[in-house]
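So this one's entry_7.tsv, TSV, C-alpha atoms:
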chain	number	residue	atom	x	y	z
A	1	MET	CA	9.10	-10.00	-16.76
A	2	ALA	CA	8.07	-7.48	-14.11
A	3	LEU	CA	6.48	-9.06	-11.05
A	4	TYR	CA	4.00	-7.69	-8.54
A	5	LYS	CA	2.34	-8.86	-5.35
A	6	TYR	CA	-0.62	-6.53	-4.92
A	7	LYS	CA	-2.77	-6.32	-8.06
A	8	GLU	CA	-4.87	-3.52	-6.55
A	9	TYR	CA	-1.93	-1.15	-7.17
A	10	LEU	CA	-1.96	-1.78	-10.93
A	11	GLU	CA	-4.58	-1.11	-13.57
A	12	HIS	CA	-4.75	-1.74	-17.29
A	13	ALA	CA	-4.10	1.24	-19.57
A	14	ASP	CA	-4.23	1.23	-23.37
A	15	GLN	CA	-2.06	4.29	-24.06
A	16	ALA	CA	0.27	4.95	-26.97
A	17	GLU	CA	3.20	5.50	-24.55
A	18	PHE	CA	3.39	1.73	-24.09
A	19	ASP	CA	3.99	1.16	-27.83
A	20	THR	CA	6.91	3.55	-28.35
A	21	LEU	CA	10.45	2.15	-28.54
A	22	HIS	CA	13.36	4.19	-27.17
A	23	ASN	CA	17.08	4.09	-28.00
A	24	PRO	CA	19.96	3.97	-25.52
A	25	GLY	CA	20.88	7.46	-24.30
A	26	GLU	CA	17.52	9.01	-25.28
A	27	ILE	CA	15.74	11.13	-22.69
A	28	CYS	CA	13.15	9.09	-20.81
A	29	PRO	CA	9.63	10.53	-21.33
A	30	HIS	CA	7.91	8.80	-18.37
A	31	SER	CA	9.15	7.41	-15.06
A	32	GLY	CA	8.62	3.69	-14.87
A	33	ILE	CA	9.90	0.24	-15.76
A	34	TYR	CA	11.21	-0.37	-19.27
A	35	ARG	CA	12.00	-3.67	-20.99
A	36	CYS	CA	14.61	-4.29	-23.67
A	37	GLU	CA	12.69	-5.66	-26.65
A	38	ALA	CA	15.71	-7.68	-27.80
A	39	CYS	CA	16.77	-9.54	-24.63
A	40	GLY	CA	13.98	-8.96	-22.09
A	41	ASP	CA	16.15	-7.23	-19.48
A	42	GLU	CA	14.33	-4.58	-17.43
A	43	ILE	CA	15.35	-1.23	-15.94
A	44	ALA	CA	13.75	1.50	-13.89
A	45	SER	CA	14.15	4.91	-15.48
A	46	ASN	CA	13.14	8.40	-14.35
A	47	LYS	CA	11.46	11.04	-16.49
A	48	ASP	CA	13.90	13.51	-18.07
A	49	ASN	CA	16.93	11.27	-17.36
A	50	PRO	CA	18.71	9.47	-20.21
A	51	PHE	CA	18.23	5.76	-20.78
A	52	PRO	CA	21.41	3.73	-20.18
A	53	PRO	CA	23.99	4.24	-22.96
A	54	GLN	CA	24.71	1.49	-25.49
A	55	ASN	CA	27.80	0.32	-23.60
A	56	HIS	CA	25.95	0.05	-20.26
A	57	HIS	CA	23.48	-2.63	-21.33
A	58	GLN	CA	25.03	-5.39	-23.41
A	59	HIS	CA	23.54	-8.46	-25.02
A	60	ALA	CA	24.43	-10.79	-27.88
A	61	GLU	CA	24.49	-9.05	-31.29
A	62	ASN	CA	22.24	-11.69	-32.83
A	63	LEU	CA	19.38	-10.48	-30.58
A	64	GLY	CA	19.20	-7.13	-32.38
A	65	ALA	CA	19.44	-3.52	-31.26
A	66	ILE	CA	18.65	-2.34	-27.75
A	67	LYS	CA	15.17	-0.79	-27.72
A	68	TRP	CA	13.49	0.17	-24.45
A	69	LYS	CA	9.71	-0.24	-24.16
A	70	LEU	CA	7.60	1.09	-21.28
A	71	ILE	CA	5.85	-1.72	-19.39
A	72	ILE	CA	4.91	-0.02	-16.08
A	73	ILE	CA	4.36	3.72	-15.82
A	74	SER	CA	4.78	5.49	-12.49
A	75	GLN	CA	2.13	8.14	-11.87
A	76	GLN	CA	2.66	11.11	-9.62
A	77	ARG	CA	-0.21	13.20	-8.33

What do you get writing this file as structure tokens?
Amino acid sequence: MALYKYKEYLEHADQAEFDTLHNPGEICPHSGIYRCEACGDEIASNKDNPFPPQNHHQHAENLGAIKWKLIIISQQR
């Protein structure tokens, strides 16, 4: 689970981007922190860069496929 110290730097957003699941190697649509839906591991990923390939992030097969879900989006102004 992502942690934070200063809540004033975060705000709630109910956007569809947070509901989309991404496969290993796909191009990342938004810079931010992503969580593997199967095992709970987290990564930071930059917009327009690929997510880690299947062989980079490993977990037990019984947990299911690796699917990355956006949990914190980084906004640039």

Requested in this report: Would you list the contacts of Lys69 in chain A as a ChimeraX atom specification, taking every protein, DNA or RNA residue within 12 Å and counting only C-alpha atoms, but skipping same-chain residues closer than 2 positions in sequence?
Outcome: /A:16-24,28-45,51,66-67,71-73

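Checking A:Asn55, A:Gln76, A:Asn49, A:Asn62 one by one against Glu26 in chain A, counting all atoms listed in the file, you find the shortest gap at A:Asn49.
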
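Across the structure, CA of Asp48 in chain A and CA of Ser74 in chain A are spaced 13.4 Å apart.
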
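Atom to atom, CA of Tyr9 in chain A and CA of Pro50 in chain A stand 26.6 Å apart.
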
Query raised in the report: Quick one: of A:Ala65, A:Ile27, A:Leu3, A:Leu10, who's nearest to Pro52 in chain A, counting all atoms listed in the file?
Result: A:Ile27

Would you fill out range 40-52 of chain A with N, CA, C and O atoms and return it as a PDB file, keeping the file's coordinate frame?
ATOM      1  N   GLY A  40      14.915  -8.802 -23.191  1.00  0.00           N
ATOM      2  CA  GLY A  40      13.980  -8.960 -22.090  1.00  0.00           C
ATOM      3  C   GLY A  40      14.453  -8.405 -20.762  1.00  0.00           C
ATOM      4  O   GLY A  40      13.736  -8.470 -19.770  1.00  0.00           O
ATOM      5  N   ASP A  41      15.663  -7.842 -20.708  1.00  0.00           N
ATOM      6  CA  ASP A  41      16.150  -7.230 -19.480  1.00  0.00           C
ATOM      7  C   ASP A  41      15.277  -6.026 -19.133  1.00  0.00           C
ATOM      8  O   ASP A  41      14.707  -5.389 -20.021  1.00  0.00           O
ATOM      9  N   GLU A  42      15.166  -5.691 -17.862  1.00  0.00           N
ATOM     10  CA  GLU A  42      14.330  -4.580 -17.430  1.00  0.00           C
ATOM     11  C   GLU A  42      15.144  -3.578 -16.622  1.00  0.00           C
ATOM     12  O   GLU A  42      16.108  -3.943 -15.941  1.00  0.00           O
ATOM     13  N   ILE A  43      14.729  -2.305 -16.709  1.00  0.00           N
ATOM     14  CA  ILE A  43      15.350  -1.230 -15.940  1.00  0.00           C
ATOM     15  C   ILE A  43      14.256  -0.321 -15.392  1.00  0.00           C
ATOM     16  O   ILE A  43      13.154  -0.276 -15.914  1.00  0.00           O
ATOM     17  N   ALA A  44      14.593   0.407 -14.352  1.00  0.00           N
ATOM     18  CA  ALA A  44      13.750   1.500 -13.890  1.00  0.00           C
ATOM     19  C   ALA A  44      14.400   2.775 -14.396  1.00  0.00           C
ATOM     20  O   ALA A  44      15.626   2.925 -14.336  1.00  0.00           O
ATOM     21  N   SER A  45      13.611   3.672 -14.934  1.00  0.00           N
ATOM     22  CA  SER A  45      14.150   4.910 -15.480  1.00  0.00           C
ATOM     23  C   SER A  45      13.247   6.071 -15.066  1.00  0.00           C
ATOM     24  O   SER A  45      12.024   5.917 -14.989  1.00  0.00           O
ATOM     25  N   ASN A  46      13.864   7.208 -14.784  1.00  0.00           N
ATOM     26  CA  ASN A  46      13.140   8.400 -14.350  1.00  0.00           C
ATOM     27  C   ASN A  46      12.936   9.387 -15.483  1.00  0.00           C
ATOM     28  O   ASN A  46      13.835   9.578 -16.311  1.00  0.00           O
ATOM     29  N   LYS A  47      11.783  10.029 -15.484  1.00  0.00           N
ATOM     30  CA  LYS A  47      11.460  11.040 -16.490  1.00  0.00           C
ATOM     31  C   LYS A  47      12.567  12.091 -16.549  1.00  0.00           C
ATOM     32  O   LYS A  47      13.103  12.510 -15.522  1.00  0.00           O
ATOM     33  N   ASP A  48      12.903  12.489 -17.760  1.00  0.00           N
ATOM     34  CA  ASP A  48      13.900  13.510 -18.070  1.00  0.00           C
ATOM     35  C   ASP A  48      15.345  13.076 -17.833  1.00  0.00           C
ATOM     36  O   ASP A  48      16.259  13.868 -18.012  1.00  0.00           O
ATOM     37  N   ASN A  49      15.579  11.818 -17.451  1.00  0.00           N
ATOM     38  CA  ASN A  49      16.930  11.270 -17.360  1.00  0.00           C
ATOM     39  C   ASN A  49      17.189  10.427 -18.610  1.00  0.00           C
ATOM     40  O   ASN A  49      16.257   9.862 -19.173  1.00  0.00           O
ATOM     41  N   PRO A  50      18.434  10.305 -19.031  1.00  0.00           N
ATOM     42  CA  PRO A  50      18.710   9.470 -20.210  1.00  0.00           C
ATOM     43  C   PRO A  50      18.596   7.983 -19.885  1.00  0.00           C
ATOM     44  O   PRO A  50      18.867   7.557 -18.765  1.00  0.00           O
ATOM     45  N   PHE A  51      18.179   7.211 -20.902  1.00  0.00           N
ATOM     46  CA  PHE A  51      18.230   5.760 -20.780  1.00  0.00           C
ATOM     47  C   PHE A  51      19.699   5.355 -20.727  1.00  0.00           C
ATOM     48  O   PHE A  51      20.578   6.109 -21.176  1.00  0.00           O
ATOM     49  N   PRO A  52      20.015   4.159 -20.208  1.00  0.00           N
ATOM     50  CA  PRO A  52      21.410   3.730 -20.180  1.00  0.00           C
ATOM     51  C   PRO A  52      22.037   3.800 -21.576  1.00  0.00           C
ATOM     52  O   PRO A  52      21.371   3.491 -22.565  1.00  0.00           O
TER      53      PRO A  52
END
